[in-house]
>>> print(open('input-v1.txt').read())   # compact mmCIF, C-alpha atoms
# COMPACT_ATOMS: atom_id res chain seq x y z
CA MET A 1307 -49.06 -11.57 27.43
CA ALA A 1308 -46.82 -9.13 25.63
CA HIS A 1309 -46.49 -7.20 28.85
CA ALA A 1310 -45.32 -10.26 30.71
CA THR A 1311 -42.64 -10.95 28.11
CA VAL A 1312 -41.25 -7.46 28.40
CA ASP A 1313 -41.21 -7.81 32.14
CA HIS A 1314 -39.35 -11.06 31.89
CA ASP A 1315 -36.84 -9.53 29.46
CA VAL A 1316 -36.13 -6.62 31.77
CA HIS A 1317 -35.57 -9.00 34.64
CA HIS A 1318 -33.32 -11.19 32.51
CA ASP A 1319 -31.39 -8.17 31.29
CA HIS A 1320 -30.83 -7.06 34.85
CA GLU A 1321 -29.49 -10.45 35.81
CA GLU A 1322 -27.20 -10.47 32.81
CA LYS A 1323 -25.80 -7.06 33.68
CA ALA A 1324 -25.17 -8.14 37.25
CA ALA A 1325 -23.32 -11.16 35.87
CA TYR A 1326 -20.88 -8.89 34.04
CA TRP A 1327 -19.30 -8.15 37.39
CA GLU A 1328 -18.72 -11.79 38.18
CA GLY A 1329 -15.95 -12.08 35.61
CA GLY A 1330 -15.41 -14.80 33.06
CA ARG A 1331 -16.92 -12.72 30.27
CA GLU A 1332 -14.66 -11.45 27.54
CA ALA A 1333 -14.91 -7.83 26.49
CA PHE A 1334 -15.50 -7.59 22.72
CA LYS A 1335 -15.59 -11.41 22.70
CA ALA A 1336 -11.81 -11.40 22.46
CA SER A 1337 -9.47 -12.80 25.10
CA TYR A 1338 -7.79 -10.39 27.49
CA GLY A 1339 -4.33 -11.19 26.14
CA LYS A 1340 -5.31 -10.54 22.55
CA LEU A 1341 -7.03 -7.27 23.42
CA MET A 1342 -4.02 -6.05 25.35
CA MET A 1343 -1.74 -6.99 22.44
CA TRP A 1344 -3.94 -4.86 20.18
CA TYR A 1345 -3.76 -1.89 22.54
CA PHE A 1346 -0.02 -2.29 22.92
CA LEU A 1347 0.28 -2.27 19.14
CA LEU A 1348 -1.89 0.85 19.01
CA SER A 1349 0.49 2.64 21.39
CA ASP A 1350 3.49 1.38 19.42
CA ALA A 1351 1.87 2.66 16.22
CA PHE A 1352 1.77 6.10 17.83
CA THR A 1353 5.47 5.91 18.67
CA PHE A 1354 6.38 5.01 15.10
CA ALA A 1355 3.97 7.60 13.73
CA GLY A 1356 5.66 10.20 15.95
CA PHE A 1357 9.05 9.28 14.50
CA LEU A 1358 7.84 9.31 10.92
CA ILE A 1359 6.02 12.62 11.38
CA ALA A 1360 9.26 14.05 12.84
CA TYR A 1361 11.04 12.86 9.67
CA GLY A 1362 8.44 14.61 7.49
CA THR A 1363 8.57 17.80 9.53
CA LEU A 1364 12.36 18.04 9.40
CA ARG A 1365 12.38 17.20 5.70
CA PHE A 1366 9.85 19.96 4.98
CA SER A 1367 11.93 22.42 7.00
CA MET A 1368 15.07 21.84 4.86
CA PRO A 1369 15.68 23.48 1.51
CA THR A 1370 17.21 20.22 0.24
CA TRP A 1371 17.09 16.51 1.09
CA PRO A 1372 19.07 13.43 -0.06
CA VAL A 1373 17.63 11.48 -3.02
CA PRO A 1374 16.47 8.03 -1.75
CA ASP A 1375 17.02 6.15 -5.00
CA PHE A 1376 20.57 7.57 -5.04
CA VAL A 1377 21.35 6.85 -1.37
CA PHE A 1378 19.97 3.30 -1.43
CA GLN A 1379 21.39 1.87 -4.63
CA ALA A 1380 24.09 -0.51 -3.39
CA PHE A 1381 23.69 -4.26 -3.64
CA PRO A 1382 26.06 -6.96 -2.36
CA THR A 1383 28.24 -8.39 -5.13
CA PHE A 1384 28.18 -11.91 -3.57
CA GLY A 1385 31.53 -12.24 -5.33
CA VAL A 1386 29.83 -12.67 -8.72
CA ILE A 1387 27.94 -9.49 -9.62
CA PRO A 1388 30.27 -6.96 -11.33
CA GLU A 1389 31.00 -3.98 -9.05
CA ALA A 1390 29.71 -1.47 -11.63
CA TRP A 1391 26.29 -3.12 -11.54
CA ALA A 1392 26.24 -3.71 -7.79
CA HIS A 1393 26.89 -0.01 -7.17
CA HIS A 1394 23.93 1.03 -9.28
CA MET A 1395 20.87 -1.02 -8.37
CA PRO A 1396 18.51 1.60 -6.92
CA LEU A 1397 16.02 0.26 -4.36
CA VAL A 1398 16.66 -3.37 -5.35
CA PHE A 1399 18.18 -4.34 -2.00
CA VAL A 1400 15.44 -2.74 0.12
CA SER A 1401 12.78 -4.29 -2.11
CA MET A 1402 14.37 -7.64 -1.37
CA MET A 1403 14.20 -6.85 2.37
CA THR A 1404 10.50 -6.04 1.95
CA LEU A 1405 9.94 -9.33 0.15
CA ILE A 1406 11.64 -11.21 3.00
CA LEU A 1407 9.37 -9.53 5.55
CA ILE A 1408 6.23 -10.26 3.48
CA ILE A 1409 7.23 -13.93 3.22
CA SER A 1410 7.86 -14.16 6.97
CA SER A 1411 4.45 -12.57 7.58
CA VAL A 1412 2.83 -15.19 5.36
CA THR A 1413 4.59 -18.07 7.16
CA MET A 1414 3.34 -16.56 10.45
CA VAL A 1415 -0.27 -16.66 9.21
CA ARG A 1416 0.31 -20.33 8.36
CA ALA A 1417 1.61 -21.02 11.89
CA VAL A 1418 -1.52 -19.45 13.41
CA GLN A 1419 -3.75 -21.52 11.09
CA GLU A 1420 -1.99 -24.75 12.04
CA GLY A 1421 -2.43 -23.76 15.69
CA GLN A 1422 -6.19 -23.49 15.20
CA GLN A 1423 -6.06 -27.02 13.77
CA ASN A 1424 -4.13 -28.11 16.88
CA ASN A 1425 -1.32 -29.32 14.64
CA LYS A 1426 1.76 -28.98 16.87
CA ARG A 1427 4.32 -30.03 14.25
CA GLY A 1428 2.81 -27.60 11.72
CA VAL A 1429 3.04 -24.68 14.17
CA VAL A 1430 6.69 -25.40 14.96
CA PHE A 1431 7.56 -25.77 11.25
CA TRP A 1432 5.98 -22.50 10.14
CA MET A 1433 7.27 -20.59 13.18
CA LEU A 1434 10.76 -21.80 12.41
CA LEU A 1435 10.46 -20.43 8.87
CA THR A 1436 9.20 -17.13 10.33
CA VAL A 1437 12.22 -16.93 12.64
CA LEU A 1438 14.52 -17.57 9.68
CA GLY A 1439 12.76 -14.79 7.74
CA GLY A 1440 13.22 -12.37 10.62
CA ALA A 1441 16.88 -13.30 10.99
CA ALA A 1442 17.41 -12.86 7.22
CA PHE A 1443 15.85 -9.41 7.42
CA LEU A 1444 18.15 -8.44 10.30
CA GLY A 1445 21.13 -9.70 8.31
CA CYS A 1446 20.11 -7.51 5.37
CA GLN A 1447 19.74 -4.53 7.67
CA ALA A 1448 23.20 -5.16 9.10
CA TRP A 1449 24.64 -5.13 5.58
CA GLU A 1450 22.72 -1.94 4.69
CA TRP A 1451 23.98 -0.16 7.82
CA THR A 1452 27.55 -1.36 7.27
CA THR A 1453 27.50 -0.02 3.71
CA LEU A 1454 26.23 3.36 4.88
CA ILE A 1455 28.52 3.68 7.91
CA LYS A 1456 31.77 2.13 6.67
CA GLY A 1457 31.46 2.66 2.92
CA GLU A 1458 29.68 5.99 2.69
CA ASN A 1459 30.63 7.59 6.04
CA VAL A 1460 27.07 8.38 7.18
CA SER A 1461 26.62 8.72 10.95
CA ILE A 1462 24.00 10.20 13.25
CA THR A 1463 25.81 13.54 13.08
CA ARG A 1464 27.21 13.47 9.54
CA ASN A 1465 25.50 13.13 6.18
CA PRO A 1466 27.64 13.24 3.02
CA PHE A 1467 24.56 12.67 0.80
CA GLY A 1468 23.09 15.72 -0.89
CA ARG A 1469 20.93 16.81 -3.82
CA HIS A 1470 21.95 19.15 -6.64
CA GLU A 1471 19.78 22.25 -6.66
CA VAL A 1472 20.96 23.58 -10.04
CA ASN A 1473 22.42 22.27 -13.33
CA GLY A 1474 26.18 22.64 -13.61
CA THR A 1475 29.60 21.24 -14.46
CA TYR A 1476 32.30 19.95 -12.11
CA THR A 1477 35.60 21.78 -12.50
CA VAL A 1478 37.63 18.97 -10.87
CA ASP A 1479 37.56 15.17 -11.08
CA THR A 1480 36.22 12.76 -8.43
CA HIS A 1481 39.53 13.00 -6.48
CA GLY A 1482 39.23 16.78 -6.28
CA GLU A 1483 42.15 17.24 -8.72
CA ALA A 1484 42.36 18.88 -12.14
CA TYR A 1485 40.98 16.75 -14.97
CA LYS A 1486 43.55 14.60 -16.74
CA GLU A 1487 44.19 15.46 -20.38
CA GLY A 1488 41.46 14.36 -22.75
CA VAL A 1489 38.91 13.82 -19.97
CA LYS A 1490 35.64 15.66 -20.55
CA ALA A 1491 34.34 17.73 -17.65
CA GLU A 1492 31.50 15.95 -15.83
CA LYS A 1493 28.07 17.58 -15.81
CA PHE A 1494 25.30 17.23 -13.23
CA GLU A 1495 21.58 17.91 -13.26
CA LYS A 1496 19.24 19.57 -10.81
CA GLY A 1497 17.45 17.06 -8.59
CA HIS A 1498 20.16 14.39 -8.87
CA GLY A 1499 21.89 13.05 -5.78
CA TYR A 1500 25.57 13.24 -4.90
CA LEU A 1501 27.86 11.71 -2.28
CA LEU A 1502 30.90 13.41 -0.78
CA HIS A 1503 33.70 10.85 -0.96
CA ALA A 1504 36.29 10.59 1.76
CA GLN A 1505 39.88 11.25 0.75
CA THR A 1506 41.98 8.10 0.54
CA ASP A 1507 45.72 7.82 0.76
CA HIS A 1508 47.34 7.14 -2.63
CA VAL A 1509 49.64 4.47 -1.23
CA THR A 1510 47.79 2.74 1.62
CA HIS A 1511 44.23 3.32 0.23
CA GLN A 1512 43.19 4.10 3.82
CA PRO A 1513 40.97 7.14 4.51
CA VAL A 1514 42.86 10.33 5.32
CA LEU A 1515 41.93 11.57 8.80
CA ASP A 1516 42.05 15.08 10.19
CA GLU A 1517 43.38 16.02 13.66
CA ASN A 1518 40.06 14.94 15.30
CA GLY A 1519 40.22 11.49 13.72
CA GLU A 1520 37.39 12.34 11.32
CA PRO A 1521 37.73 11.46 7.64
CA LYS A 1522 38.52 14.32 5.27
CA PHE A 1523 36.01 14.76 2.47
CA ILE A 1524 36.46 15.87 -1.12
CA HIS A 1525 34.23 18.88 -1.76
CA ARG A 1526 34.25 18.96 -5.58
CA SER A 1527 34.05 22.47 -6.98
CA PHE A 1528 31.71 23.28 -9.84
CA VAL A 1529 30.33 26.04 -12.05
CA THR A 1530 26.57 26.32 -12.43
CA ASP A 1531 25.05 26.89 -15.87
CA LYS A 1532 24.49 30.51 -14.80
CA GLY A 1533 28.23 30.85 -14.21
CA GLU A 1534 28.19 30.86 -10.40
CA LYS A 1535 31.02 29.04 -8.64
CA GLY A 1536 30.45 26.66 -5.77
CA GLU A 1537 31.53 23.42 -4.14
CA LEU A 1538 29.66 20.36 -2.93
CA SER A 1539 28.63 20.54 0.71
CA PHE A 1540 27.26 18.07 3.26
CA GLY A 1541 23.56 17.22 3.06
CA PRO A 1542 21.08 17.90 5.87
CA LYS A 1543 22.55 16.50 9.09
CA ALA A 1544 19.18 15.25 10.38
CA PHE A 1545 19.01 12.59 7.67
CA GLY A 1546 21.55 10.26 9.28
CA ALA A 1547 20.05 10.51 12.77
CA LEU A 1548 16.52 9.96 11.49
CA PHE A 1549 17.54 7.02 9.33
CA PHE A 1550 19.48 5.18 12.01
CA PHE A 1551 17.00 5.86 14.81
CA ILE A 1552 13.87 4.93 12.87
CA THR A 1553 15.18 1.89 10.98
CA GLY A 1554 17.06 0.96 14.16
CA PHE A 1555 13.90 1.13 16.24
CA HIS A 1556 12.13 -1.01 13.66
CA GLY A 1557 15.08 -3.42 13.55
CA PHE A 1558 14.94 -3.66 17.34
CA HIS A 1559 11.27 -4.65 17.04
CA VAL A 1560 12.23 -7.34 14.53
CA PHE A 1561 14.98 -8.54 16.86
CA SER A 1562 12.62 -8.73 19.87
CA GLY A 1563 10.06 -10.44 17.64
CA VAL A 1564 12.60 -13.09 16.63
CA ALA A 1565 13.50 -13.66 20.30
CA PHE A 1566 9.84 -14.03 21.35
CA LEU A 1567 9.06 -16.23 18.34
CA LEU A 1568 11.93 -18.52 19.33
CA ILE A 1569 10.75 -18.76 22.95
CA ILE A 1570 7.15 -19.43 21.94
CA MET A 1571 8.27 -21.94 19.31
CA LEU A 1572 10.18 -23.89 21.98
CA ASN A 1573 7.12 -23.75 24.26
CA VAL A 1574 4.97 -25.09 21.42
CA ALA A 1575 7.43 -27.92 20.85
CA SER A 1576 7.45 -28.75 24.57
CA GLY A 1577 3.65 -29.14 24.53
CA LEU A 1578 2.94 -26.23 26.90
CA TYR A 1579 0.18 -24.67 24.77
CA GLU A 1580 -1.22 -28.08 23.86
CA ARG A 1581 -1.98 -28.55 27.58
CA ARG A 1582 -3.63 -25.12 27.78
CA ASN A 1583 -6.02 -26.38 25.11
CA ASN A 1584 -6.87 -22.92 23.74
CA HIS A 1585 -5.92 -23.44 20.08
CA TYR A 1586 -2.44 -22.00 20.54
CA GLU A 1587 -3.62 -18.52 21.47
CA MET A 1588 -0.06 -17.50 22.36
CA VAL A 1589 0.97 -18.14 18.74
CA GLU A 1590 -1.90 -15.92 17.64
CA LYS A 1591 -0.70 -13.12 19.94
CA ILE A 1592 2.91 -13.18 18.78
CA GLY A 1593 1.45 -13.40 15.26
CA LEU A 1594 -0.33 -10.08 15.81
CA TYR A 1595 2.96 -8.52 16.92
CA TRP A 1596 4.84 -9.96 13.95
CA HIS A 1597 2.31 -8.65 11.42
CA PHE A 1598 2.54 -5.26 13.09
CA VAL A 1599 6.31 -5.23 12.52
CA ASP A 1600 5.61 -5.91 8.84
CA LEU A 1601 2.97 -3.18 8.87
CA VAL A 1602 5.41 -0.62 10.26
CA TRP A 1603 7.93 -1.59 7.58
CA VAL A 1604 5.31 -0.74 4.92
CA PHE A 1605 5.47 2.86 6.15
CA VAL A 1606 9.21 2.98 6.86
CA PHE A 1607 9.71 1.69 3.32
CA LEU A 1608 7.35 4.32 1.92
CA VAL A 1609 8.83 7.23 3.81
CA PHE A 1610 12.55 6.45 3.56
CA TYR A 1611 12.90 4.69 0.23
CA LEU A 1612 9.98 5.64 -2.00
CA LEU A 1613 9.09 9.28 -1.28
CA MET B 274 -14.32 -18.20 12.14
CA VAL B 275 -12.92 -19.02 8.73
CA SER B 276 -12.44 -22.61 7.60
CA TYR B 277 -8.94 -24.00 7.16
CA GLU B 278 -9.28 -24.15 3.36
CA GLU B 279 -10.52 -20.56 3.17
CA GLY B 280 -7.58 -19.53 5.34
CA LEU B 281 -5.13 -21.17 2.96
CA LYS B 282 -6.73 -19.27 0.08
CA THR B 283 -6.35 -15.97 1.98
CA VAL B 284 -2.66 -16.68 2.57
CA LYS B 285 -1.97 -17.34 -1.12
CA GLN B 286 -4.04 -14.36 -2.23
CA GLY B 287 -2.44 -12.08 0.38
CA PHE B 288 1.09 -13.08 -0.56
CA ILE B 289 0.52 -12.44 -4.29
CA LEU B 290 -1.31 -9.17 -3.60
CA LEU B 291 1.33 -7.74 -1.24
CA CYS B 292 4.12 -8.68 -3.68
CA ILE B 293 2.35 -7.10 -6.65
CA VAL B 294 1.45 -3.88 -4.81
CA THR B 295 5.04 -3.52 -3.51
CA ALA B 296 6.47 -4.22 -6.98
CA VAL B 297 4.17 -1.58 -8.50
CA GLU B 298 5.26 0.95 -5.85
CA VAL B 299 8.94 0.32 -6.55
CA LEU B 300 8.32 0.48 -10.32
CA ILE B 301 6.56 3.84 -9.93
CA ALA B 302 9.48 5.14 -7.84
CA LEU B 303 12.06 3.96 -10.40
CA LEU B 304 10.09 5.04 -13.47
CA GLY B 305 9.15 8.38 -11.93
CA ASN B 306 12.77 9.16 -11.05
CA GLY B 307 14.01 8.33 -14.56
CA HIS B 308 15.77 5.02 -13.86
CA ILE B 309 13.84 2.91 -16.37
CA ILE B 310 13.31 5.15 -19.41
CA PRO B 311 16.21 7.64 -19.64
CA GLY B 312 14.97 11.21 -19.59
CA PHE B 313 11.43 10.25 -18.58
CA THR B 314 10.21 11.33 -15.14
CA LEU B 315 6.81 11.60 -13.49
CA PRO B 316 5.64 14.65 -11.53
CA LYS B 317 5.91 14.10 -7.76
CA LEU B 318 2.33 15.31 -7.40
CA ILE B 319 1.20 12.13 -9.18
CA MET B 320 3.83 9.72 -7.77
CA TYR B 321 3.44 10.55 -4.09
CA PRO B 322 -0.35 10.21 -3.67
CA VAL B 323 -0.33 6.94 -5.64
CA MET B 324 2.48 5.44 -3.52
CA ILE B 325 0.88 6.64 -0.24
CA GLY B 326 -2.45 5.19 -1.37
CA PHE B 327 -0.90 1.81 -2.17
CA SER B 328 0.87 1.72 1.20
CA LEU B 329 -2.35 2.51 3.06
CA TYR B 330 -4.04 -0.28 1.11
CA LYS B 331 -1.27 -2.72 2.15
CA ALA B 332 -1.73 -1.64 5.78
CA TYR B 333 -5.48 -2.19 5.53
CA TYR B 334 -4.96 -5.62 3.97
CA ILE B 335 -2.50 -6.77 6.64
CA VAL B 336 -4.69 -5.56 9.52
CA TYR B 337 -7.96 -6.95 8.18
CA ASN B 338 -6.81 -10.26 6.70
CA PHE B 339 -3.52 -11.28 8.32
CA MET B 340 -4.36 -9.90 11.77
CA HIS B 341 -8.01 -11.00 11.40
CA MET B 342 -9.49 -7.62 12.31
CA ALA B 343 -12.30 -8.51 9.88
CA HIS B 344 -13.45 -11.27 12.30
CA GLU B 345 -13.32 -9.16 15.46
CA MET B 346 -16.33 -7.28 16.88
CA LYS B 347 -16.90 -3.89 15.34
CA GLY B 348 -16.54 -2.09 18.65
CA MET B 349 -13.15 -3.66 19.22
CA ALA B 350 -11.96 -2.75 15.73
CA MET B 351 -13.12 0.83 16.23
CA SER B 352 -11.45 1.11 19.66
CA VAL B 353 -8.15 0.31 17.97
CA LEU B 354 -8.59 2.16 14.68
CA MET B 355 -10.41 5.35 15.73
CA PRO B 356 -7.55 6.72 17.89
CA MET B 357 -5.39 6.58 14.74
CA LEU B 358 -7.48 9.46 13.39
CA LEU B 359 -5.65 11.73 15.86
CA LEU B 360 -2.62 11.27 13.64
CA VAL B 361 -4.39 13.08 10.80
CA TRP B 362 -4.18 16.26 12.83
CA GLY B 363 -0.63 15.38 13.87
CA VAL B 364 0.43 15.20 10.24
CA ILE B 365 -1.32 18.44 9.26
CA ALA B 366 -0.03 20.44 12.26
CA PHE B 367 3.58 19.26 12.17
CA PHE B 368 4.00 19.44 8.39
CA GLN B 369 2.59 22.96 8.49
CA GLU B 370 5.17 23.82 11.15
CA GLY B 371 8.00 22.19 9.18
CA GLY B 372 6.93 24.02 6.04
CA ALA B 373 6.93 27.34 7.89
CA TRP B 374 10.47 26.70 9.15
CA GLY B 375 11.54 25.78 5.64
CA ALA B 376 10.05 28.96 4.18
CA ARG B 377 11.84 31.13 6.76
CA ARG B 378 15.18 29.32 6.79
CA ALA B 379 17.01 32.04 4.85
CA GLN B 380 15.64 34.65 7.25
CA ILE B 381 16.59 32.57 10.30
CA GLU B 382 20.12 32.06 9.00
CA LYS B 383 20.45 35.78 8.29
CA PHE B 384 19.49 36.58 11.87
CA ASN B 385 21.77 33.87 13.23
CA ALA B 386 24.72 35.36 11.35
CA LYS B 387 24.00 38.87 12.66
CA THR B 388 26.42 40.20 15.29
CA VAL B 389 25.01 42.50 17.90
CA LYS B 390 26.98 44.98 19.95
CA PRO B 391 26.60 43.89 23.61
CA ALA B 392 24.47 46.26 25.70
CA ALA B 393 26.26 48.40 28.28
CA PRO B 394 26.15 46.70 31.72
CA LYS B 395 23.58 48.07 34.13
CA PRO B 396 24.79 49.72 37.33
CA ALA B 397 24.93 46.98 39.98
CA SER B 398 23.50 48.78 42.99
CA THR B 399 20.07 49.95 41.84
CA SER B 400 17.33 49.44 44.39
CA ASP B 401 15.08 47.31 42.13
CA ASN B 402 17.89 44.87 41.30
CA THR B 403 17.68 42.81 44.50
CA LYS B 404 17.57 39.42 42.75
CA GLN B 405 20.99 39.81 41.19
CA LEU B 406 23.35 36.95 41.99
CA PRO B 407 26.68 37.72 43.67
CA VAL B 408 29.42 38.08 41.10
CA LYS B 409 32.46 35.89 41.73
CA ASN B 410 36.07 36.63 40.84
CA SER B 411 35.49 40.10 39.52
>>> encode(input="input-v1.txt", output="structure tokens")
Amino acid sequence: MAHATVDHDVHHDHEEKAAYWEGGREAFKASYGKLMMWYFLLSDAFTFAGFLIAYGTLRFSMPTWPVPDFVFQAFPTFGVIPEAWAHHMPLVFVSMMTLILIISSVTMVRAVQEGQQNNKRGVVFWMLLTVLGGAAFLGCQAWEWTTLIKGENVSITRNPFGRHEVNGTYTVDTHGEAYKEGVKAEKFEKGHGYLLHAQTDHVTHQPVLDENGEPKFIHRSFVTDKGEKGELSFGPKAFGALFFFITGFHGFHVFSGVAFLLIIMLNVASGLYERRNNHYEMVEKIGLYWHFVDLVWVFVFLVFYLL
Amino acid sequence: MVSYEEGLKTVKQGFILLCIVTAVEVLIALLGNGHIIPGFTLPKLIMYPVMIGFSLYKAYYIVYNFMHMAHEMKGMAMSVLMPMLLLVWGVIAFFQEGGAWGARRAQIEKFNAKTVKPAAPKPASTSDNTKQLPVKNS
């Protein structure tokens, strides 16, 4: 009897294997679209990892590197916050950006859940909130970039942010001129960040440009505690390029995500996925992508702002 | 498949957890760099591993709970996650390389600044010099 059962099983197994080639069976019991989204995200993870590893490699190869909590300490005044505070709020703005992305990730999970309940209105509502979150994040990034490019003169080939390698005292004031009477000479500490300011015209308050149309920078001179003379120099050039390319690549992902979310949201509203009757699988797929964008930000945030 | 109510609980729990972990990371960064208590800093050797650990935990949480990797088949999860292990070697190899460049930067710059007297030009018509390109305008 036992023998017969085994025989039957083998036969059944054979039939089942033959049936694999007839299609209609899902590998890993996940739909083709979802699987391919996962493998796309895997390849995208490698791209981002490549960028972030390049950042680490270049940073390790430099004797000095800008201080993140010094570089990223500006916050919009919104017309109410005093300038002195708004200029010294380290990491507050980027933490807010992170919060926005976390919230939009949570609203995306809600949209997917409502899709599994076949609640069309719920899906549209939560997707709309997700789109708003993504747009808010992009707005924040635009402000951050504007501050760095227009306010602090960072570009992909120029980086005025540096880090003090020794303790010392500045021998001139912030305008590069001799201290006014009664002003105490400013000291600086090893490990602290500095920013080279561009020269501004006394009358027009516009930046002074050199013959190539580049702003002229004030390289404050100083004396170290050991008595050596020196002047502030530009920070590692690679910083600007790495920052704009990596956060830009992430921002481009957010932008594409917002575009796709909008398209899929309109399709949901039109009843397209309702007719497909597959529990809004398309919403689930764009959800995977959107969470991945949040996931990448976890590491961009770690590498650029925390470490 | 998770029930709708369970799903709602996961969302609430996930939101609170991600916010708290991020807040702790930022607090460590600010405290460690002396922004909260003046004059008090933490050694980077403590700050960095803690912050990297928290970030990896956030990544795990997002993948397993928000992206529902926990409900996928194990083989599928492994086919996505295992290739990521290649990055471990990527990190080790490239950071080693970067460190080596960093350690030799002074030496590299010294060599870059060196001026070398150009070698005397070779006679043009030696028999073994057949591959030489024709010289224009000279």
>>> atom_distance(input="input-v1.txt", atom1="atom CA of A:Gly1482", atom2="atom CA of A:Arg1526")
5.5 Å
>>> closest_residue(input="input-v1.txt", among="A:Leu1364, A:Leu1347, A:Ile1569, A:Val1489", to="B:Glu370", atoms="only C-alpha atoms")
A:Leu1364
>>> residues_around(input="input-v1.txt", residues="B:Met357", least_positions_apart="6", cutoff="10 Å", atoms="all atoms listed in the file", output="NGL selection string")
(:A and (1348-1349 or 1351-1352 or 1355)) or (:B and (351))
>>> atom_distance(input="input-v1.txt", atom1="atom CA of A:Phe1561", atom2="atom CA of A:Phe1605")
18.3 Å
>>> interface_residues(input="input-v1.txt", of="chain A", to="chain B", cutoff="9 Å", atoms="only C-alpha atoms", output="PyMOL selection string")
chain A and resi 1333-1336+1341+1344-1345+1347-1348+1351-1352+1355-1356+1359-1360+1362-1369+1375+1396-1398+1401+1404-1405+1408-1409+1411-1416+1419-1420+1422-1423+1590+1593-1594+1597-1598+1600-1602+1604-1605+1608-1609+1611-1613
>>> atom_distance(input="input-v1.txt", atom1="atom CA of A:Ala1392", atom2="atom CA of A:Leu1444")
20.4 Å
>>> closest_residue(input="input-v1.txt", among="A:Val1400, A:Val1377, A:Val1606, A:Val1386", to="A:Trp1449", atoms="only C-alpha atoms")
A:Val1400
>>> residues_around(input="input-v1.txt", residues="stretch 1458-1469 of chain A", least_positions_apart="3", cutoff="10 Å", atoms="all atoms listed in the file", output="JSON, numbers by chain")
{"A": [1370, 1371, 1372, 1373, 1374, 1376, 1377, 1451, 1452, 1453, 1454, 1455, 1472, 1495, 1496, 1497, 1498, 1499, 1500, 1501, 1502, 1503, 1504, 1520, 1521, 1523, 1525, 1538, 1539, 1540, 1541, 1542, 1543, 1544, 1545, 1546, 1547, 1548, 1549, 1550, 1551]}
>>> decode(input="input-v1.txt", residues="stretch 1486-1513 of chain A", atoms="C-alpha atoms", output="JSON list (two decimals), in the first residue's frame")
[["chain", "number", "residue", "atom", "x", "y", "z"],
["A", 1486, "LYS", "CA", 38.16, 97.62, 15.03],
["A", 1487, "GLU", "CA", 39.30, 99.17, 18.31],
["A", 1488, "GLY", "CA", 38.06, 97.36, 21.39],
["A", 1489, "VAL", "CA", 37.10, 94.21, 19.47],
["A", 1490, "LYS", "CA", 38.62, 91.05, 20.92],
["A", 1491, "ALA", "CA", 40.37, 88.75, 18.46],
["A", 1492, "GLU", "CA", 38.21, 85.74, 17.58],
["A", 1493, "LYS", "CA", 39.46, 82.28, 18.50],
["A", 1494, "PHE", "CA", 38.68, 78.95, 16.83],
["A", 1495, "GLU", "CA", 38.97, 75.34, 17.91],
["A", 1496, "LYS", "CA", 40.23, 72.22, 16.19],
["A", 1497, "GLY", "CA", 37.42, 70.19, 14.64],
["A", 1498, "HIS", "CA", 35.07, 73.15, 14.21],
["A", 1499, "GLY", "CA", 33.73, 74.09, 10.79],
["A", 1500, "TYR", "CA", 34.26, 77.33, 8.88],
["A", 1501, "LEU", "CA", 32.82, 78.94, 5.76],
["A", 1502, "LEU", "CA", 34.73, 81.22, 3.41],
["A", 1503, "HIS", "CA", 32.49, 84.23, 2.85],
["A", 1504, "ALA", "CA", 32.34, 85.96, -0.49],
["A", 1505, "GLN", "CA", 33.43, 89.59, -0.57],
["A", 1506, "THR", "CA", 30.53, 92.01, -0.89],
["A", 1507, "ASP", "CA", 30.62, 95.55, -2.17],
["A", 1508, "HIS", "CA", 30.32, 98.12, 0.63],
["A", 1509, "VAL", "CA", 27.82, 100.23, -1.29],
["A", 1510, "THR", "CA", 25.75, 97.86, -3.45],
["A", 1511, "HIS", "CA", 26.04, 94.80, -1.11],
["A", 1512, "GLN", "CA", 26.49, 92.70, -4.28],
["A", 1513, "PRO", "CA", 29.24, 90.04, -4.38]]
